[in-house]
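Engineer: Structure: target-v7.tsv, TSV, C-alpha atoms.
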```
chain	number	residue	atom	x	y	z
A	14	MET	CA	-9.19	-36.74	-11.02
A	15	SER	CA	-9.76	-34.45	-8.01
A	16	GLU	CA	-7.36	-34.48	-5.05
A	17	GLN	CA	-10.12	-35.10	-2.51
A	18	LYS	CA	-11.67	-38.59	-2.44
A	19	PHE	CA	-15.38	-38.66	-3.24
A	20	THR	CA	-17.35	-40.32	-0.42
A	21	LYS	CA	-20.96	-40.27	0.75
A	22	GLU	CA	-19.90	-38.03	3.63
A	23	ILE	CA	-18.29	-35.38	1.45
A	24	ILE	CA	-21.04	-32.77	1.84
A	25	ARG	CA	-21.45	-33.08	5.59
A	26	LEU	CA	-20.63	-29.79	7.29
A	27	SER	CA	-17.46	-30.06	9.33
A	28	ASP	CA	-18.67	-27.51	11.86
A	29	THR	CA	-22.40	-26.76	11.75
A	30	GLN	CA	-22.21	-24.03	14.37
A	31	ASN	CA	-19.47	-22.29	12.45
A	32	THR	CA	-21.58	-22.40	9.25
A	33	ILE	CA	-24.50	-20.91	11.15
A	34	ASP	CA	-22.32	-18.16	12.59
A	35	SER	CA	-20.91	-17.16	9.23
A	36	ILE	CA	-24.32	-17.13	7.50
A	37	VAL	CA	-25.78	-15.08	10.35
A	38	ALA	CA	-22.91	-12.57	10.25
A	39	LYS	CA	-23.27	-12.12	6.50
A	40	LEU	CA	-27.05	-11.89	6.70
A	41	LYS	CA	-26.80	-9.16	9.29
A	42	GLU	CA	-24.17	-7.28	7.29
A	43	ASP	CA	-26.16	-7.57	4.03
A	44	VAL	CA	-29.52	-6.54	5.42
A	45	ILE	CA	-28.47	-3.88	7.91
A	46	LYS	CA	-25.44	-2.34	6.21
A	47	VAL	CA	-25.80	-3.09	2.50
A	48	LEU	CA	-29.58	-3.00	2.07
A	49	ARG	CA	-30.12	-0.61	5.01
A	50	ARG	CA	-33.22	-2.39	6.30
A	51	ARG	CA	-33.88	-2.98	9.99
A	52	GLY	CA	-35.16	-6.55	10.04
A	53	GLY	CA	-36.54	-9.36	7.93
A	54	VAL	CA	-39.81	-10.82	6.68
A	55	VAL	CA	-39.91	-14.56	6.05
A	56	GLY	CA	-42.75	-16.44	4.36
A	57	ILE	CA	-43.26	-19.54	6.49
A	58	SER	CA	-44.91	-22.69	5.24
A	59	GLY	CA	-44.02	-25.25	7.89
A	60	GLY	CA	-41.36	-26.63	5.54
A	61	ILE	CA	-37.72	-27.17	6.40
A	62	ASP	CA	-36.26	-24.40	4.21
A	63	SER	CA	-38.45	-21.56	5.46
A	64	SER	CA	-38.03	-22.81	9.04
A	65	VAL	CA	-34.24	-22.74	8.87
A	66	THR	CA	-34.35	-19.35	7.15
A	67	LEU	CA	-36.56	-17.94	9.90
A	68	ALA	CA	-34.28	-19.34	12.59
A	69	LEU	CA	-31.24	-17.77	10.92
A	70	ALA	CA	-33.05	-14.44	10.59
A	71	VAL	CA	-33.88	-14.51	14.31
A	72	LYS	CA	-30.21	-15.07	15.12
A	73	ALA	CA	-29.20	-12.23	12.81
A	74	PHE	CA	-31.73	-9.55	13.78
A	75	GLY	CA	-33.33	-10.74	17.04
A	76	ALA	CA	-36.87	-12.13	17.25
A	77	LYS	CA	-38.45	-8.69	17.63
A	78	ASN	CA	-37.10	-7.67	14.21
A	79	VAL	CA	-38.41	-10.68	12.32
A	80	LEU	CA	-41.93	-11.20	10.99
A	81	GLY	CA	-43.18	-14.62	9.92
A	82	VAL	CA	-45.90	-14.49	7.27
A	83	MET	CA	-48.12	-17.49	6.57
A	84	LEU	CA	-49.50	-17.35	3.05
A	85	PRO	CA	-51.99	-20.16	2.60
A	86	GLU	CA	-54.44	-20.52	-0.29
A	87	LYS	CA	-57.20	-22.98	-0.94
A	88	ASP	CA	-54.90	-25.73	-2.26
A	89	SER	CA	-52.46	-25.52	0.69
A	90	SER	CA	-51.98	-28.52	2.91
A	91	ASP	CA	-53.84	-28.38	6.24
A	92	ASP	CA	-50.89	-29.13	8.49
A	93	SER	CA	-48.79	-26.23	7.12
A	94	LYS	CA	-50.44	-23.68	9.40
A	95	ALA	CA	-50.05	-25.68	12.61
A	96	LEU	CA	-46.37	-26.29	11.87
A	97	ALA	CA	-45.71	-22.67	10.91
A	98	LEU	CA	-47.33	-21.50	14.16
A	99	LYS	CA	-45.28	-23.97	16.16
A	100	LEU	CA	-42.14	-22.64	14.50
A	101	ALA	CA	-43.03	-18.99	15.17
A	102	ASP	CA	-43.79	-19.86	18.78
A	103	LYS	CA	-40.51	-21.73	19.20
A	104	PHE	CA	-38.46	-18.77	17.96
A	105	GLY	CA	-40.68	-16.11	19.53
A	106	VAL	CA	-41.47	-14.17	16.36
A	107	ARG	CA	-44.61	-12.27	15.46
A	108	VAL	CA	-46.66	-14.01	12.84
A	109	VAL	CA	-49.42	-12.88	10.51
A	110	GLU	CA	-51.63	-14.97	8.28
A	111	GLU	CA	-52.51	-13.69	4.83
A	112	ASN	CA	-54.80	-15.97	2.88
A	113	ILE	CA	-54.08	-15.29	-0.80
A	114	SER	CA	-57.00	-17.34	-2.23
A	115	GLY	CA	-58.99	-14.17	-3.00
A	116	ALA	CA	-56.07	-12.61	-4.87
A	117	LEU	CA	-55.60	-15.83	-6.81
A	118	GLU	CA	-59.30	-15.94	-7.70
A	119	GLY	CA	-58.92	-12.37	-8.94
A	120	PHE	CA	-55.98	-13.30	-11.15
A	121	GLY	CA	-57.92	-16.29	-12.48
A	122	CYS	CA	-55.18	-18.62	-11.23
A	123	TYR	CA	-57.40	-21.64	-10.52
A	124	GLN	CA	-59.69	-21.07	-13.49
A	125	ARG	CA	-56.85	-20.71	-16.03
A	126	ARG	CA	-55.07	-23.77	-14.64
A	127	ASP	CA	-58.20	-25.92	-14.61
A	128	GLU	CA	-59.18	-24.90	-18.15
A	129	ALA	CA	-55.84	-26.20	-19.41
A	130	VAL	CA	-56.14	-29.45	-17.43
A	131	LYS	CA	-59.64	-30.02	-18.84
A	132	ARG	CA	-58.39	-29.63	-22.40
A	133	VAL	CA	-56.13	-32.63	-21.77
A	134	ILE	CA	-58.38	-34.64	-19.42
A	135	PRO	CA	-61.97	-33.51	-20.13
A	136	GLU	CA	-63.41	-35.64	-17.29
A	137	TYR	CA	-61.52	-33.53	-14.72
A	138	ASN	CA	-63.85	-31.82	-12.28
A	139	PRO	CA	-61.91	-29.27	-10.20
A	140	GLN	CA	-64.66	-29.24	-7.55
A	141	THR	CA	-64.20	-32.89	-6.66
A	142	ASP	CA	-60.95	-34.13	-8.25
A	143	LYS	CA	-57.32	-33.35	-7.53
A	144	MET	CA	-54.48	-32.72	-9.97
A	145	LYS	CA	-50.71	-32.49	-10.16
A	146	ILE	CA	-48.04	-32.35	-12.83
A	147	GLY	CA	-44.71	-34.14	-12.88
A	148	ILE	CA	-41.87	-35.67	-14.88
A	149	PRO	CA	-41.75	-39.48	-15.23
A	150	VAL	CA	-38.61	-40.95	-13.73
A	151	GLU	CA	-37.69	-42.61	-17.07
A	152	PHE	CA	-36.50	-39.23	-18.35
A	153	LEU	CA	-33.71	-39.26	-15.82
A	154	ASN	CA	-32.26	-42.30	-17.49
A	155	SER	CA	-32.14	-40.77	-20.95
A	156	ASN	CA	-30.48	-37.79	-22.59
A	157	MET	CA	-33.87	-36.45	-23.62
A	158	PRO	CA	-35.12	-33.19	-22.13
A	159	PRO	CA	-38.01	-33.99	-19.81
A	160	VAL	CA	-41.66	-33.51	-20.69
A	161	PHE	CA	-44.38	-33.09	-18.10
A	162	TYR	CA	-47.47	-35.20	-17.50
A	163	VAL	CA	-50.65	-34.14	-15.76
A	164	THR	CA	-52.28	-36.59	-13.36
A	165	VAL	CA	-55.86	-36.26	-12.20
A	166	ILE	CA	-56.94	-38.16	-9.10
A	167	PHE	CA	-60.68	-38.57	-9.38
A	168	ALA	CA	-63.01	-38.45	-6.39
A	169	ASP	CA	-63.33	-42.26	-6.46
A	170	GLY	CA	-59.56	-42.64	-6.08
A	171	THR	CA	-58.81	-43.67	-9.67
A	172	GLU	CA	-56.09	-41.81	-11.55
A	173	LYS	CA	-55.47	-40.75	-15.13
A	174	SER	CA	-52.20	-39.33	-16.52
A	175	GLU	CA	-51.64	-37.68	-19.88
A	176	ARG	CA	-48.61	-36.08	-21.48
A	177	LEU	CA	-49.02	-32.32	-21.59
A	178	PRO	CA	-48.89	-30.58	-24.97
A	179	MET	CA	-46.85	-27.38	-24.95
A	180	ASN	CA	-49.68	-24.84	-24.69
A	181	GLU	CA	-51.42	-26.66	-21.86
A	182	TYR	CA	-48.15	-27.22	-19.99
A	183	LEU	CA	-47.25	-23.55	-20.28
A	184	GLN	CA	-50.72	-22.41	-19.21
A	185	ILE	CA	-50.78	-24.65	-16.13
A	186	VAL	CA	-47.34	-23.46	-15.05
A	187	ALA	CA	-48.04	-19.79	-15.79
A	188	ALA	CA	-51.34	-19.93	-13.89
A	189	SER	CA	-49.84	-21.77	-10.92
A	190	ASN	CA	-47.00	-19.27	-10.73
A	191	PHE	CA	-49.54	-16.65	-9.63
A	192	LYS	CA	-49.30	-18.37	-6.24
A	193	GLN	CA	-45.60	-17.69	-5.71
A	194	ARG	CA	-45.84	-14.23	-7.23
A	195	SER	CA	-48.80	-13.28	-5.04
A	196	ARG	CA	-46.86	-14.48	-2.01
A	197	MET	CA	-43.91	-12.36	-3.08
A	198	SER	CA	-46.16	-9.27	-3.40
A	199	MET	CA	-47.56	-9.82	0.07
A	200	LEU	CA	-44.10	-10.37	1.58
A	201	TYR	CA	-42.92	-7.09	0.05
A	202	TYR	CA	-45.99	-5.34	1.42
A	203	HIS	CA	-45.05	-6.36	4.95
A	204	ALA	CA	-41.36	-5.75	4.36
A	205	GLU	CA	-41.93	-2.23	3.07
A	206	ALA	CA	-44.46	-1.43	5.78
A	207	LEU	CA	-41.84	-2.32	8.40
A	208	HIS	CA	-38.73	-1.17	6.53
A	209	TYR	CA	-37.53	-4.80	6.56
A	210	ALA	CA	-35.93	-6.93	3.84
A	211	VAL	CA	-37.57	-10.00	2.32
A	212	ILE	CA	-35.52	-13.01	3.36
A	213	GLY	CA	-35.87	-15.63	0.61
A	214	THR	CA	-36.03	-19.34	1.37
A	215	PRO	CA	-34.69	-21.22	-1.71
A	216	ASN	CA	-31.87	-23.70	-1.05
A	217	LYS	CA	-28.94	-24.45	-3.36
A	218	HIS	CA	-30.78	-26.96	-5.55
A	219	GLU	CA	-33.73	-24.67	-6.02
A	220	VAL	CA	-31.46	-21.79	-7.01
A	221	GLN	CA	-29.08	-23.77	-9.22
A	222	GLN	CA	-31.62	-26.06	-10.90
A	223	GLY	CA	-34.22	-23.36	-11.35
A	224	PHE	CA	-36.83	-24.89	-9.06
A	225	PHE	CA	-38.32	-21.52	-8.21
A	226	VAL	CA	-40.59	-18.95	-9.81
A	227	LYS	CA	-38.88	-15.88	-11.21
A	228	TYR	CA	-40.15	-12.89	-9.20
A	229	GLY	CA	-42.10	-15.38	-7.09
A	230	ASP	CA	-40.19	-17.34	-4.46
A	231	GLY	CA	-37.14	-16.24	-6.46
A	232	GLY	CA	-38.04	-12.62	-5.63
A	233	ALA	CA	-36.28	-11.72	-2.40
A	234	ASP	CA	-33.55	-9.41	-1.14
A	235	VAL	CA	-31.27	-12.11	0.29
A	236	MET	CA	-31.27	-15.92	0.23
A	237	PRO	CA	-29.28	-17.10	3.26
A	238	ILE	CA	-29.60	-20.84	2.54
A	239	GLY	CA	-29.11	-20.39	-1.22
A	240	ASN	CA	-25.71	-22.01	-1.06
A	241	LEU	CA	-26.66	-24.96	1.15
A	242	PHE	CA	-27.47	-28.48	0.01
A	243	LYS	CA	-30.64	-29.96	1.45
A	244	THR	CA	-28.61	-32.35	3.61
A	245	GLN	CA	-26.87	-29.31	5.08
A	246	VAL	CA	-30.19	-27.49	5.59
A	247	TYR	CA	-31.27	-30.44	7.75
A	248	GLU	CA	-27.99	-30.30	9.66
A	249	LEU	CA	-28.61	-26.62	10.40
A	250	ALA	CA	-32.24	-27.33	11.35
A	251	ARG	CA	-31.14	-29.76	14.06
A	252	GLU	CA	-28.52	-27.38	15.40
A	253	LEU	CA	-30.91	-24.41	15.37
A	254	GLY	CA	-33.64	-26.33	17.20
A	255	VAL	CA	-36.27	-26.38	14.46
A	256	PRO	CA	-39.25	-28.45	15.73
A	257	GLN	CA	-38.83	-32.17	15.03
A	258	GLU	CA	-42.20	-32.47	13.21
A	259	ILE	CA	-40.88	-30.03	10.61
A	260	ILE	CA	-37.61	-31.93	10.25
A	261	ASP	CA	-39.52	-35.21	9.84
A	262	ARG	CA	-41.96	-33.86	7.26
A	263	THR	CA	-41.44	-34.91	3.62
A	264	PRO	CA	-40.74	-31.82	1.45
A	265	THR	CA	-43.74	-31.15	-0.79
A	266	THR	CA	-44.43	-28.66	-3.55
A	267	ASP	CA	-47.70	-27.52	-1.94
A	268	THR	CA	-48.65	-26.08	-5.32
A	269	TYR	CA	-51.20	-28.41	-6.88
A	270	THR	CA	-54.36	-29.87	-5.35
A	271	ALA	CA	-53.02	-33.44	-5.21
A	272	GLU	CA	-50.26	-34.17	-2.75
A	273	GLN	CA	-46.87	-34.30	-4.33
A	274	THR	CA	-43.35	-34.55	-3.01
A	275	GLN	CA	-40.59	-32.36	-4.46
A	276	GLU	CA	-38.82	-35.55	-5.50
A	277	GLU	CA	-41.79	-36.64	-7.57
A	278	PHE	CA	-42.36	-33.23	-9.12
A	279	PHE	CA	-38.89	-32.10	-10.02
A	280	TYR	CA	-35.82	-33.80	-8.64
A	281	GLN	CA	-36.68	-37.40	-9.55
A	282	MET	CA	-34.38	-38.79	-6.86
A	283	PRO	CA	-34.03	-38.55	-3.06
A	284	PHE	CA	-32.36	-35.33	-1.94
A	285	GLU	CA	-29.49	-37.19	-0.26
A	286	THR	CA	-28.57	-38.66	-3.64
A	287	MET	CA	-29.17	-35.40	-5.47
A	288	ASP	CA	-26.92	-33.51	-3.07
A	289	LEU	CA	-24.01	-35.88	-3.59
A	290	LEU	CA	-24.39	-35.99	-7.35
A	291	TRP	CA	-24.64	-32.21	-7.68
A	292	TYR	CA	-21.66	-31.73	-5.39
A	293	GLY	CA	-19.64	-34.16	-7.49
A	294	TRP	CA	-20.65	-32.49	-10.75
A	295	GLU	CA	-20.12	-28.94	-9.49
A	296	ASN	CA	-16.72	-29.72	-8.01
A	297	GLY	CA	-15.32	-31.43	-11.07
A	298	PHE	CA	-15.33	-35.03	-9.87
A	299	SER	CA	-15.43	-37.47	-12.77
A	300	PRO	CA	-18.44	-39.77	-13.23
A	301	GLU	CA	-16.05	-42.63	-12.43
A	302	GLU	CA	-15.06	-41.16	-9.04
A	303	VAL	CA	-18.68	-40.39	-8.12
A	304	ALA	CA	-19.86	-43.81	-9.28
A	305	MET	CA	-17.24	-45.46	-7.10
A	306	GLY	CA	-18.05	-43.34	-4.04
A	307	MET	CA	-21.79	-43.89	-4.37
A	308	GLU	CA	-21.67	-47.51	-5.54
A	309	LYS	CA	-23.52	-46.63	-8.72
A	310	ASP	CA	-23.11	-47.24	-12.41
A	311	GLU	CA	-20.69	-44.84	-14.14
A	312	GLN	CA	-22.85	-44.50	-17.25
A	313	GLU	CA	-25.83	-43.55	-15.12
A	314	ILE	CA	-23.76	-40.85	-13.40
A	315	SER	CA	-22.61	-39.52	-16.81
A	316	ARG	CA	-26.23	-39.27	-17.94
A	317	ILE	CA	-27.22	-37.47	-14.75
A	318	PHE	CA	-24.29	-35.04	-15.11
A	319	LYS	CA	-25.47	-34.25	-18.64
A	320	ASN	CA	-28.95	-33.63	-17.28
A	321	PHE	CA	-27.52	-31.25	-14.66
A	322	GLU	CA	-25.67	-29.35	-17.36
A	323	ARG	CA	-28.84	-29.03	-19.39
A	324	LYS	CA	-30.94	-28.04	-16.38
A	325	LYS	CA	-28.47	-25.33	-15.40
A	326	LYS	CA	-28.36	-23.97	-18.93
A	327	THR	CA	-32.10	-24.01	-19.59
A	328	THR	CA	-32.83	-22.28	-16.28
A	329	ASP	CA	-30.22	-19.50	-16.63
A	330	TYR	CA	-33.08	-17.22	-17.62
A	331	LEU	CA	-34.66	-17.60	-14.20
A	332	ARG	CA	-31.53	-16.45	-12.39
A	333	MET	CA	-30.92	-13.46	-14.65
A	334	PRO	CA	-31.81	-9.95	-13.50
A	335	PRO	CA	-33.39	-7.63	-16.10
A	336	ILE	CA	-30.88	-6.75	-18.80
A	337	HIS	CA	-30.60	-2.97	-18.84
A	338	ASN	CA	-27.17	-2.18	-20.24
A	339	TYR	CA	-28.43	-1.05	-23.66
B	141	MET	CA	-39.87	-33.78	-45.21
B	142	LYS	CA	-36.30	-33.29	-43.98
B	143	ASP	CA	-36.34	-29.69	-45.19
B	144	GLN	CA	-39.72	-29.02	-43.55
B	145	ILE	CA	-38.39	-30.25	-40.21
B	146	LYS	CA	-35.20	-28.28	-40.53
B	147	THR	CA	-37.14	-25.13	-41.37
B	148	PHE	CA	-39.39	-25.66	-38.39
B	149	ILE	CA	-36.48	-26.20	-35.99
B	150	SER	CA	-34.71	-23.17	-37.40
B	151	GLU	CA	-37.84	-21.03	-36.94
B	152	ILE	CA	-38.49	-21.97	-33.34
B	153	THR	CA	-34.86	-21.87	-32.22
B	154	PHE	CA	-33.83	-18.78	-34.22
B	155	ILE	CA	-30.81	-20.75	-35.41
B	156	GLU	CA	-29.73	-20.40	-39.07
B	157	LYS	CA	-31.06	-23.37	-41.01
B	158	GLU	CA	-27.71	-23.86	-42.72
B	159	THR	CA	-25.96	-24.42	-39.41
B	160	ILE	CA	-28.14	-27.40	-38.46
B	161	ALA	CA	-26.64	-30.52	-40.02
B	162	ASP	CA	-28.65	-33.68	-40.55
B	163	ASP	CA	-26.71	-35.38	-37.79
B	164	THR	CA	-26.40	-32.44	-35.36
B	165	LEU	CA	-27.28	-33.72	-31.89
B	166	LEU	CA	-30.18	-31.43	-31.09
B	167	PHE	CA	-30.34	-32.02	-27.34
B	168	GLU	CA	-26.67	-32.54	-26.61
B	169	GLU	CA	-25.70	-29.37	-28.43
B	170	GLY	CA	-28.34	-27.36	-26.62
B	171	ILE	CA	-30.40	-26.53	-29.72
B	172	PHE	CA	-33.49	-28.17	-28.31
B	173	ASP	CA	-34.84	-28.20	-24.76
B	174	SER	CA	-38.17	-29.44	-23.39
B	175	MET	CA	-40.09	-26.62	-25.04
B	176	GLY	CA	-38.46	-27.34	-28.39
B	177	LEU	CA	-39.32	-31.01	-28.11
B	178	LEU	CA	-42.94	-30.24	-27.19
B	179	SER	CA	-43.22	-27.80	-30.12
B	180	LEU	CA	-41.85	-30.43	-32.47
B	181	ILE	CA	-44.32	-33.05	-31.22
B	182	THR	CA	-47.17	-30.61	-31.90
B	183	PHE	CA	-45.73	-29.78	-35.34
B	184	LEU	CA	-45.43	-33.45	-36.29
B	185	ASP	CA	-49.02	-34.03	-35.25
B	186	GLU	CA	-50.62	-30.94	-36.76
B	187	GLU	CA	-48.53	-30.47	-39.91
B	188	LEU	CA	-47.40	-33.98	-40.79
B	189	GLY	CA	-50.21	-36.00	-39.24
B	190	VAL	CA	-47.89	-38.13	-37.10
B	191	LYS	CA	-48.84	-38.71	-33.50
B	192	THR	CA	-45.97	-39.24	-31.05
B	193	GLU	CA	-46.87	-41.86	-28.45
B	194	ASP	CA	-45.26	-41.87	-25.00
B	195	SER	CA	-43.26	-44.93	-25.99
B	196	ASP	CA	-41.83	-43.02	-28.99
B	197	LEU	CA	-40.17	-40.44	-26.75
B	198	ASN	CA	-36.59	-41.60	-26.81
B	199	GLU	CA	-33.25	-40.39	-28.15
B	200	GLU	CA	-33.25	-42.83	-31.01
B	201	ASN	CA	-36.27	-41.05	-32.51
B	202	PHE	CA	-35.44	-37.44	-31.72
B	203	GLN	CA	-31.74	-36.82	-31.26
B	204	SER	CA	-31.08	-35.43	-34.76
B	205	ILE	CA	-32.84	-34.47	-37.99
B	206	ASN	CA	-31.88	-37.87	-39.40
B	207	SER	CA	-33.41	-39.62	-36.38
B	208	ILE	CA	-36.63	-37.62	-36.66
B	209	VAL	CA	-36.96	-38.39	-40.38
B	210	ALA	CA	-36.33	-42.09	-39.76
B	211	PHE	CA	-38.91	-42.04	-36.98
B	212	LEU	CA	-41.48	-40.40	-39.25
B	213	GLU	CA	-40.82	-42.90	-42.01
B	214	ARG	CA	-41.27	-45.78	-39.59
B	215	LYS	CA	-44.52	-44.31	-38.28
B	216	LYS	CA	-45.85	-43.66	-41.76
B	217	SER	CA	-44.96	-47.16	-42.93
B	218	LEU	CA	-46.93	-48.56	-40.01
B	219	VAL	CA	-50.01	-46.59	-41.08
B	220	ASN	CA	-49.75	-47.64	-44.75
```
Output the structure of this file as structure tokens.
Structural biologist:
Amino acid sequence: MSEQKFTKEIIRLSDTQNTIDSIVAKLKEDVIKVLRRRGGVVGISGGIDSSVTLALAVKAFGAKNVLGVMLPEKDSSDDSKALALKLADKFGVRVVEENISGALEGFGCYQRRDEAVKRVIPEYNPQTDKMKIGIPVEFLNSNMPPVFYVTVIFADGTEKSERLPMNEYLQIVAASNFKQRSRMSMLYYHAEALHYAVIGTPNKHEVQQGFFVKYGDGGADVMPIGNLFKTQVYELARELGVPQEIIDRTPTTDTYTAEQTQEEFFYQMPFETMDLLWYGWENGFSPEEVAMGMEKDEQEISRIFKNFERKKKTTDYLRMPPIHNY
Amino acid sequence: MKDQIKTFISEITFIEKETIADDTLLFEEGIFDSMGLLSLITFLDEELGVKTEDSDLNEENFQSINSIVAFLERKKSLVN
């Protein structure tokens, strides 16, 4: 048993301003002194994580030393741009828009992805239909590793889901990852052209559970919110003055053509719940203590803890740098 | 059949066949992850002619070599 009592409030920041100050001080130290860059580039999507990251970067380097880069492509949601512009305006940073659809066409991103979808659902017409992939929630309640399903939403509104065989799953993921990797390339272009660092936007769950693309959104020089739970990211957003529309927006993957929340795609539970469970697991609370604090079933918590363990282990590869000590 | 499955698991996981016992818990002990499971499903379909339905995807059917063999026997008995 841990000394501290597990409650639903356990991950709330005791002093949000103090957390901001210490992240900002470290960010400044890391970028200016350690990396010897003179500012930061942040890819902004109108989402909460990139908005908080941009706001922190502005505090660390000053608005004139921060560049916001919008990186839409043809599957991006329409309101992302308006929100990203509102954010840049609020914090007074320069912003550039780089549409990466052409680069993605060149890589064959859409074509390779759609070929794989069509092998599983031959009726899929990428011109008119939308698609997404996800894990059914039932997998959370078992000790089985999850398998992904593809869902096509046809033009008439009907849907069809099929379990993805390995080759098709891998091809869809590999093709879609061109998006994050193209964004990373463009961010480094701007960073190098300005002698800035790339300020990454993944939060703690994304880093620890491997919900990022290696050398894609996982490719950055620093990740200032990489140790913050989503609940805490929202706390910082309010304190930093991130526009309310961004705070109110449901986090999406913005990766596939059909709309999809992050919860649906990867986490399988609301982030408030995920935060508490991960905190409990990471800090050595027993399933019994967490179950009591969250008014949940102990067996369910044990299963989720096992899933966390597995997720951490299977995604170690993503967090590893190249191995060069031969 | 048991040996065929063991050989397959050993080949895709690079784990010595002799170290995988019939009742080794494949997921719990970290031998198999999602990719391993998907490979196995494809192997069962293509090499042994057994299709895994969505409703078959549970621990009871896949947690160990013994479970997989029992699952295959059940499926085959349904066909015959």
Engineer: Taking into account all atoms listed in the file, which residue in the set A:Ser155, A:Lys99, A:Val37, A:Glu111 is nearest to Phe202 in chain B?
Structural biologist: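 Of A:Ser155, A:Lys99, A:Val37, A:Glu111, the one nearest Phe202 in chain B is A:Ser155, counting all atoms listed in the file.
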Engineer: For Gly105 in chain A, which of A:Ala204, A:Ala68, A:Met307, A:Met197 is the closest residue, counting only C-alpha atoms?
Structural biologist: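 Nearest to Gly105 in chain A: A:Ala68.
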Engineer: Might you pull out every residue within 8 Å of Arg107 in chain A, with all atoms listed in the file counted and same-chain residues fewer than 5 positions away left off, and present them as a list of chain:residue names?
Structural biologist: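 The contact residues come out as A:Ala76, A:Lys77, A:Val79, A:Leu80, A:Gly81, A:Ala101.
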Engineer: Please identify every residue of chain B that has at least one atom no farther than 10 Å from an atom of chain A, counting only C-alpha atoms, and for each give the shortest atom pair and the distance in Å to one decimal, arranged by chain then increasing number, as a Markdown table.
Structural biologist:
```
| residue | atom | partner | partner_atom | distance |
| --- | --- | --- | --- | --- |
| B:Leu166 | CA | A:Met157 | CA | 9.7 |
| B:Phe167 | CA | A:Met157 | CA | 6.8 |
| B:Glu168 | CA | A:Asn156 | CA | 7.6 |
| B:Glu169 | CA | A:Arg323 | CA | 9.6 |
| B:Gly170 | CA | A:Arg323 | CA | 7.4 |
| B:Phe172 | CA | A:Pro158 | CA | 8.1 |
| B:Asp173 | CA | A:Pro158 | CA | 5.6 |
| B:Ser174 | CA | A:Pro158 | CA | 5.0 |
| B:Met175 | CA | A:Met179 | CA | 6.8 |
| B:Gly176 | CA | A:Met179 | CA | 9.1 |
| B:Leu177 | CA | A:Pro158 | CA | 7.6 |
| B:Leu178 | CA | A:Met179 | CA | 5.3 |
| B:Ser179 | CA | A:Met179 | CA | 6.3 |
| B:Leu180 | CA | A:Met179 | CA | 9.5 |
| B:Ile181 | CA | A:Pro178 | CA | 8.1 |
| B:Thr182 | CA | A:Pro178 | CA | 7.1 |
| B:Glu193 | CA | A:Arg176 | CA | 9.2 |
| B:Asp194 | CA | A:Arg176 | CA | 7.6 |
| B:Leu197 | CA | A:Met157 | CA | 8.1 |
| B:Asn198 | CA | A:Met157 | CA | 6.6 |
| B:Glu199 | CA | A:Met157 | CA | 6.0 |
| B:Glu200 | CA | A:Met157 | CA | 9.8 |
| B:Phe202 | CA | A:Met157 | CA | 8.3 |
| B:Gln203 | CA | A:Met157 | CA | 7.9 |
```
Engineer: Please write the residues from the selection above to a file, keeping C-alpha atoms, as a compact mmCIF listing (two decimals), in the coordinates of the input.
Structural biologist:
```
# COMPACT_ATOMS: atom_id res chain seq x y z
CA LEU B 166 -30.18 -31.43 -31.09
CA PHE B 167 -30.34 -32.02 -27.34
CA GLU B 168 -26.67 -32.54 -26.61
CA GLU B 169 -25.70 -29.37 -28.43
CA GLY B 170 -28.34 -27.36 -26.62
CA PHE B 172 -33.49 -28.17 -28.31
CA ASP B 173 -34.84 -28.20 -24.76
CA SER B 174 -38.17 -29.44 -23.39
CA MET B 175 -40.09 -26.62 -25.04
CA GLY B 176 -38.46 -27.34 -28.39
CA LEU B 177 -39.32 -31.01 -28.11
CA LEU B 178 -42.94 -30.24 -27.19
CA SER B 179 -43.22 -27.80 -30.12
CA LEU B 180 -41.85 -30.43 -32.47
CA ILE B 181 -44.32 -33.05 -31.22
CA THR B 182 -47.17 -30.61 -31.90
CA GLU B 193 -46.87 -41.86 -28.45
CA ASP B 194 -45.26 -41.87 -25.00
CA LEU B 197 -40.17 -40.44 -26.75
CA ASN B 198 -36.59 -41.60 -26.81
CA GLU B 199 -33.25 -40.39 -28.15
CA GLU B 200 -33.25 -42.83 -31.01
CA PHE B 202 -35.44 -37.44 -31.72
CA GLN B 203 -31.74 -36.82 -31.26
```
Engineer: For a test of reading the model, state the distance in Å between CA of Ile146 in chain A and CA of Thr164 in chain A, rounded to one decimal.
Structural biologist: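 So the answer is 6.0 Å.
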Engineer: What is the CA of Arg194 in chain A to CA of Lys217 in chain A distance in Å?
Structural biologist: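 CA of Lys217 in chain A lies at a distance of 20.1 Å from CA of Arg194 in chain A.
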Engineer: For the atom pair CA of Arg50 in chain A and CA of Leu98 in chain A, what is the interatomic distance in Å to one decimal place?
Structural biologist: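 So the two atoms, CA of Arg50 in chain A and CA of Leu98 in chain A, lie 25.0 Å apart.
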Engineer: So that I can see what lies close to Asp143 in chain B, please list as a PyMOL selection string the residues with an atom at most 10 Å from it, counting all atoms listed in the file and leaving out residues fewer than 5 positions away in the same chain.
Structural biologist: chain B and resi 148-149+157+162+205+209
Engineer: Kindly export the residues of the current selection with C-alpha atoms, as an mmCIF file, keeping the file's coordinate frame.
Structural biologist:
```cif
data_model
loop_
_atom_site.group_PDB
_atom_site.id
_atom_site.type_symbol
_atom_site.label_atom_id
_atom_site.label_comp_id
_atom_site.auth_asym_id
_atom_site.auth_seq_id
_atom_site.Cartn_x
_atom_site.Cartn_y
_atom_site.Cartn_z
ATOM 1 C CA PHE B 148 -39.390 -25.660 -38.390
ATOM 2 C CA ILE B 149 -36.480 -26.200 -35.990
ATOM 3 C CA LYS B 157 -31.060 -23.370 -41.010
ATOM 4 C CA ASP B 162 -28.650 -33.680 -40.550
ATOM 5 C CA ILE B 205 -32.840 -34.470 -37.990
ATOM 6 C CA VAL B 209 -36.960 -38.390 -40.380
#
```
